[in-house]
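Listing of final-v1.pdb; format and content: PDB, C-alpha atoms.
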ATOM      1  CA  MET A   1      33.484  49.139-106.502
ATOM      2  CA  MET A   2      33.044  51.912-109.077
ATOM      3  CA  LYS A   3      32.059  55.388-108.040
ATOM      4  CA  ALA A   4      28.472  56.057-109.068
ATOM      5  CA  SER A   5      27.499  59.208-110.898
ATOM      6  CA  VAL A   6      24.933  61.558-109.483
ATOM      7  CA  LEU A   7      21.731  60.409-111.129
ATOM      8  CA  PRO A   8      18.920  62.960-111.060
ATOM      9  CA  LEU A   9      16.465  62.009-108.368
ATOM     10  CA  ILE A  10      13.756  60.445-110.495
ATOM     11  CA  SER A  11      11.154  58.341-108.804
ATOM     12  CA  PRO A  12      10.687  55.222-110.926
ATOM     13  CA  CYS A  13       6.939  55.565-110.453
ATOM     14  CA  CYS A  14       6.923  59.021-112.032
ATOM     15  CA  LEU A  15       7.511  57.320-115.412
ATOM     16  CA  CYS A  16       4.405  55.181-115.064
ATOM     17  CA  GLY A  17       1.147  56.361-116.620
ATOM     18  CA  ARG A  18      -0.777  54.801-113.736
ATOM     19  CA  LYS A  19       0.626  57.399-111.294
ATOM     20  CA  GLY A  20       0.122  55.028-108.383
ATOM     21  CA  GLY A  21       2.661  56.903-106.283
ATOM     22  CA  ALA A  22       4.274  53.914-104.583
ATOM     23  CA  GLU A  23       7.298  54.968-102.513
ATOM     24  CA  ARG A  24       9.486  52.117-103.710
ATOM     25  CA  MET A  25      12.600  53.473-102.005
ATOM     26  CA  ALA A  26      10.655  53.261 -98.742
ATOM     27  CA  GLY A  27       9.798  49.591 -99.287
ATOM     28  CA  GLN A  28       6.430  49.913-101.023
ATOM     29  CA  ILE A  29       5.703  47.695-104.025
ATOM     30  CA  GLY A  30       4.223  49.360-107.103
ATOM     31  CA  TYR A  31       1.276  48.147-109.180
ATOM     32  CA  CYS A  32       3.928  46.816-111.564
ATOM     33  CA  GLY A  33       5.336  44.513-108.898
ATOM     34  CA  ALA A  34       8.594  46.444-108.629
ATOM     35  CA  GLY A  35      10.203  47.285-105.344
ATOM     36  CA  GLU A  36      13.331  49.203-104.406
ATOM     37  CA  LYS A  37      15.823  47.025-106.320
ATOM     38  CA  ALA A  38      15.801  46.074-109.986
ATOM     39  CA  VAL A  39      15.112  42.390-110.650
ATOM     40  CA  ILE A  40      16.444  40.550-113.688
ATOM     41  CA  TYR A  41      14.905  37.143-114.260
ATOM     42  CA  GLN A  42      16.691  36.095-117.433
ATOM     43  CA  GLN A  43      19.640  37.050-119.633
ATOM     44  CA  PHE A  44      20.938  35.332-122.744
ATOM     45  CA  ILE A  45      22.318  35.814-126.238
ATOM     46  CA  HIS A  46      19.464  35.886-128.742
ATOM     47  CA  CYS A  47      19.819  35.434-132.497
ATOM     48  CA  GLY A  48      16.161  36.115-133.355
ATOM     49  CA  GLU A  49      16.195  39.911-133.224
ATOM     50  CA  GLU A  50      16.342  42.191-136.278
ATOM     51  CA  ILE A  51      19.383  41.388-138.406
ATOM     52  CA  GLU A  52      21.109  44.670-137.500
ATOM     53  CA  LEU A  53      20.865  43.812-133.784
ATOM     54  CA  SER A  54      21.593  40.063-133.850
ATOM     55  CA  PRO A  55      23.067  38.415-132.028
ATOM     56  CA  ALA A  56      21.868  40.510-129.101
ATOM     57  CA  PHE A  57      22.498  40.180-125.377
ATOM     58  CA  ILE A  58      18.989  40.233-123.888
ATOM     59  CA  VAL A  59      18.203  41.179-120.298
ATOM     60  CA  ASN A  60      14.634  40.402-119.190
ATOM     61  CA  MET A  61      13.477  42.442-116.211
ATOM     62  CA  SER A  62      10.626  41.498-113.892
ATOM     63  CA  GLY A  63       7.472  43.494-113.467
ATOM     64  CA  CYS A  64       5.161  45.471-115.733
ATOM     65  CA  ASN A  65       2.670  48.286-115.306
ATOM     66  CA  LEU A  66       0.250  47.118-118.011
ATOM     67  CA  HIS A  67      -0.835  43.607-116.938
ATOM     68  CA  CYS A  68      -2.049  42.725-120.441
ATOM     69  CA  PRO A  69      -4.291  39.647-120.391
ATOM     70  CA  THR A  70      -2.409  38.092-123.337
ATOM     71  CA  CYS A  71       1.103  38.663-121.972
ATOM     72  CA  SER A  72       3.329  35.671-122.646
ATOM     73  CA  GLU A  73       6.096  36.882-120.311
ATOM     74  CA  ARG A  74       4.148  37.365-117.065
ATOM     75  CA  ILE A  75       4.327  33.690-116.143
ATOM     76  CA  HIS A  76       8.096  33.869-116.496
ATOM     77  CA  TRP A  77       8.793  37.013-114.496
ATOM     78  CA  THR A  78       6.372  36.195-111.720
ATOM     79  CA  SER A  79       7.689  32.694-111.081
ATOM     80  CA  ALA A  80      11.271  32.739-112.342
ATOM     81  CA  THR A  81      14.369  32.527-110.201
ATOM     82  CA  ARG A  82      16.169  35.845-110.014
ATOM     83  CA  VAL A  83      19.357  36.123-112.022
ATOM     84  CA  TRP A  84      20.105  39.498-110.457
ATOM     85  CA  CYS A  85      18.663  41.757-107.802
ATOM     86  CA  GLY A  86      20.918  44.566-106.732
ATOM     87  CA  GLU A  87      22.728  47.761-107.589
ATOM     88  CA  ALA A  88      23.594  49.077-111.052
ATOM     89  CA  GLU A  89      27.293  49.472-110.276
ATOM     90  CA  GLU A  90      27.657  45.841-109.216
ATOM     91  CA  TYR A  91      25.743  44.636-112.255
ATOM     92  CA  ALA A  92      27.912  46.688-114.641
ATOM     93  CA  GLU A  93      31.113  45.380-113.042
ATOM     94  CA  LYS A  94      29.852  41.815-113.396
ATOM     95  CA  MET A  95      28.685  42.211-116.989
ATOM     96  CA  VAL A  96      31.552  44.103-118.657
ATOM     97  CA  PRO A  97      33.975  41.131-118.768
ATOM     98  CA  ARG A  98      31.188  38.907-120.077
ATOM     99  CA  LEU A  99      30.192  41.410-122.776
ATOM    100  CA  GLU A 100      33.817  41.890-123.833
ATOM    101  CA  LYS A 101      34.061  38.159-124.619
ATOM    102  CA  ALA A 102      30.617  37.742-126.190
ATOM    103  CA  ASN A 103      30.139  37.800-129.943
ATOM    104  CA  ILE A 104      27.191  40.218-129.877
ATOM    105  CA  ARG A 105      26.096  43.249-131.885
ATOM    106  CA  SER A 106      23.788  44.876-129.321
ATOM    107  CA  PHE A 107      22.500  44.882-125.739
ATOM    108  CA  GLU A 108      18.755  45.064-125.013
ATOM    109  CA  TRP A 109      16.863  45.793-121.826
ATOM    110  CA  ILE A 110      13.500  44.016-122.174
ATOM    111  CA  GLY A 111      10.708  43.095-119.797
ATOM    112  CA  GLY A 112       8.290  42.699-118.337
ATOM    113  CA  GLU A 113       8.838  46.424-118.613
ATOM    114  CA  PRO A 114      12.389  47.768-118.133
ATOM    115  CA  SER A 115      11.341  51.422-117.779
ATOM    116  CA  ILE A 116       9.926  50.711-114.311
ATOM    117  CA  TYR A 117      13.564  50.344-113.272
ATOM    118  CA  PHE A 118      14.757  53.395-115.192
ATOM    119  CA  PRO A 119      17.350  54.638-112.653
ATOM    120  CA  PHE A 120      18.969  51.171-112.591
ATOM    121  CA  VAL A 121      18.883  50.775-116.390
ATOM    122  CA  TYR A 122      20.262  54.275-116.955
ATOM    123  CA  GLU A 123      23.132  53.906-114.496
ATOM    124  CA  ALA A 124      24.077  50.343-115.480
ATOM    125  CA  THR A 125      24.066  51.315-119.174
ATOM    126  CA  ARG A 126      26.144  54.428-118.542
ATOM    127  CA  LEU A 127      28.744  52.463-116.590
ATOM    128  CA  MET A 128      28.926  49.559-119.029
ATOM    129  CA  LYS A 129      29.336  51.911-122.007
ATOM    130  CA  ARG A 130      32.131  53.731-120.187
ATOM    131  CA  LEU A 131      33.977  50.530-119.241
ATOM    132  CA  LEU A 132      33.572  48.498-122.415
ATOM    133  CA  ARG A 133      36.531  48.560-124.781
ATOM    134  CA  LYS A 134      34.293  47.877-127.766
ATOM    135  CA  LYS A 135      31.428  50.015-129.075
ATOM    136  CA  LEU A 136      28.116  48.400-128.355
ATOM    137  CA  PRO A 137      24.650  49.908-128.899
ATOM    138  CA  PHE A 138      22.231  49.618-125.965
ATOM    139  CA  TYR A 139      18.465  49.522-126.513
ATOM    140  CA  LEU A 140      15.505  49.974-124.198
ATOM    141  CA  ASN A 141      12.761  47.695-125.532
ATOM    142  CA  THR A 142       9.723  49.114-123.774
ATOM    143  CA  ASN A 143       5.952  49.049-124.057
ATOM    144  CA  GLY A 144       5.981  52.857-123.741
TER     145      GLY A 144
END
Go through the file and emit its structure as C-alpha cells.
Amino acid sequence: MMKASVLPLISPCCLCGRKGGAERMAGQIGYCGAGEKAVIYQQFIHCGEEIELSPAFIVNMSGCNLHCPTCSERIHWTSATRVWCGEAEEYAEKMVPRLEKANIRSFEWIGGEPSIYFPFVYEATRLMKRLLRKKLPFYLNTNG
C-alpha cells in the first residue's frame, strides 16, 4: 500500500453550504447521504463530453447536498450497486493501471456531488497524478 500524504484536517461537511455539522468520521450520515467513506456508484469512459475532454474517464459519486427535484441522477446513486467504497490510496492503486491502458484525454469526478467527498477526491487525484506515467488532466465537475 502507498504511504498517504498528510491531508489537512478538513471536515467534508465544512464544504457544504447547509452547515449541517454531521460528524461523518464518527459514523453520522450527512444531509447529502454521505458517511465516512466515499462511495462511487459508476465509472466508465464517456465520449459525450466537450471535445477537448473526450473521451473522458467518468467517476460518478453517490450523494448530494442539494436534492434538486428535477435531478436525473438521484435514482441512480440511491439505488445503484457500489463500484467502490473505501480509501483513496486503494482506489488510486487500483485505477492507475487501468488509466494507463485507457485511450482517454481526461478524468472527471462527477456526482451526485463529488465535493462532499473532498478529502477522498483530493488524495486519490494527488496519488493518481503522481503514479501515472502519462499526463492526464483531472476535473471536479461540481454543482458548487
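The gap separating CA of Ile58 (chain A) from CA of Glu113 (chain A) is 13.0 Å, in Å to one decimal.
Closest approach to His46 (chain A) among A:Glu93, A:Glu23, A:Glu87, A:Glu108: A:Glu108, based on only C-alpha atoms.
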Would you list the contacts of region 64-77 of chain A as number ranges by chain, taking every protein, DNA or RNA residue within 9 Å and counting all atoms listed in the file, but skipping same-chain residues closer than 2 positions in sequence?
-> A: 16-18, 30-34, 40-42, 60-62, 79-82, 111-116, 143
Using the chain letters and residue numbers of this document, give as a list in words the residues selected by the PyMOL selection byres ((chain A and resi 47) around 12).
-> Phe44, Ile45, His46, Gly48, Glu49, Glu50, Ile51, Glu52, Leu53, Ser54, Pro55, Ala56, Phe57, Ile58, Asn103, Ile104, Arg105, Ser106 and Phe107 of chain A
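Distance check against Arg98 (chain A) using only C-alpha atoms: of A:Val39, A:Ala26, A:Val59, A:Leu132, the minimum falls on A:Leu132.
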Nearest to Lys37 (chain A), restricted to all atoms listed in the file and choosing among A:Phe120, A:Ala92, A:Leu99, A:Gly20, comes out as A:Phe120
Neighbouring residues of region 124-130 of chain A were defined as those with any atom within 12 Å, considering only C-alpha atoms; residues of the same chain fewer than 3 positions away were excluded. Please report them as a compact mmCIF listing (two decimals) with C-alpha atoms, keeping the file's coordinate frame.
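New file selection_2.txt:
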# COMPACT_ATOMS: atom_id res chain seq x y z
CA MET A 1 33.48 49.14 -106.50
CA MET A 2 33.04 51.91 -109.08
CA LYS A 3 32.06 55.39 -108.04
CA ALA A 4 28.47 56.06 -109.07
CA SER A 5 27.50 59.21 -110.90
CA VAL A 6 24.93 61.56 -109.48
CA LEU A 7 21.73 60.41 -111.13
CA ALA A 38 15.80 46.07 -109.99
CA VAL A 59 18.20 41.18 -120.30
CA GLY A 86 20.92 44.57 -106.73
CA GLU A 87 22.73 47.76 -107.59
CA ALA A 88 23.59 49.08 -111.05
CA GLU A 89 27.29 49.47 -110.28
CA GLU A 90 27.66 45.84 -109.22
CA TYR A 91 25.74 44.64 -112.26
CA ALA A 92 27.91 46.69 -114.64
CA GLU A 93 31.11 45.38 -113.04
CA LYS A 94 29.85 41.82 -113.40
CA MET A 95 28.68 42.21 -116.99
CA VAL A 96 31.55 44.10 -118.66
CA PRO A 97 33.98 41.13 -118.77
CA ARG A 98 31.19 38.91 -120.08
CA LEU A 99 30.19 41.41 -122.78
CA GLU A 100 33.82 41.89 -123.83
CA SER A 106 23.79 44.88 -129.32
CA PHE A 107 22.50 44.88 -125.74
CA GLU A 108 18.76 45.06 -125.01
CA TRP A 109 16.86 45.79 -121.83
CA TYR A 117 13.56 50.34 -113.27
CA PHE A 118 14.76 53.40 -115.19
CA PRO A 119 17.35 54.64 -112.65
CA PHE A 120 18.97 51.17 -112.59
CA VAL A 121 18.88 50.78 -116.39
CA ARG A 133 36.53 48.56 -124.78
CA LYS A 134 34.29 47.88 -127.77
CA LYS A 135 31.43 50.02 -129.07
CA LEU A 136 28.12 48.40 -128.35
CA PRO A 137 24.65 49.91 -128.90
CA PHE A 138 22.23 49.62 -125.96
CA TYR A 139 18.46 49.52 -126.51
CA LEU A 140 15.50 49.97 -124.20
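Counting from CA of Lys101 (chain A), the distance to CA of Gly63 (chain A) is 29.3 Å.
For the atom pair formed by CA of Thr78 (chain A) and CA of Gly21 (chain A), the distance is 21.7 Å, given to one decimal.
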Given 6 Å on each side, where is the centre and what are the edge lengths in Å to one decimal of the axis-aligned box enclosing the listed atoms of region 74-90 of chain A, as AutoDock Vina command-line options?
--center_x 15.9 --center_y 41.0 --center_z -111.9 --size_x 35.5 --size_y 28.9 --size_z 22.3
Residue members of the PyMOL selection byres ((chain A and resi 36) around 6) in the file shown, as a VMD selection string | chain A and resid 24 to 25 35 37
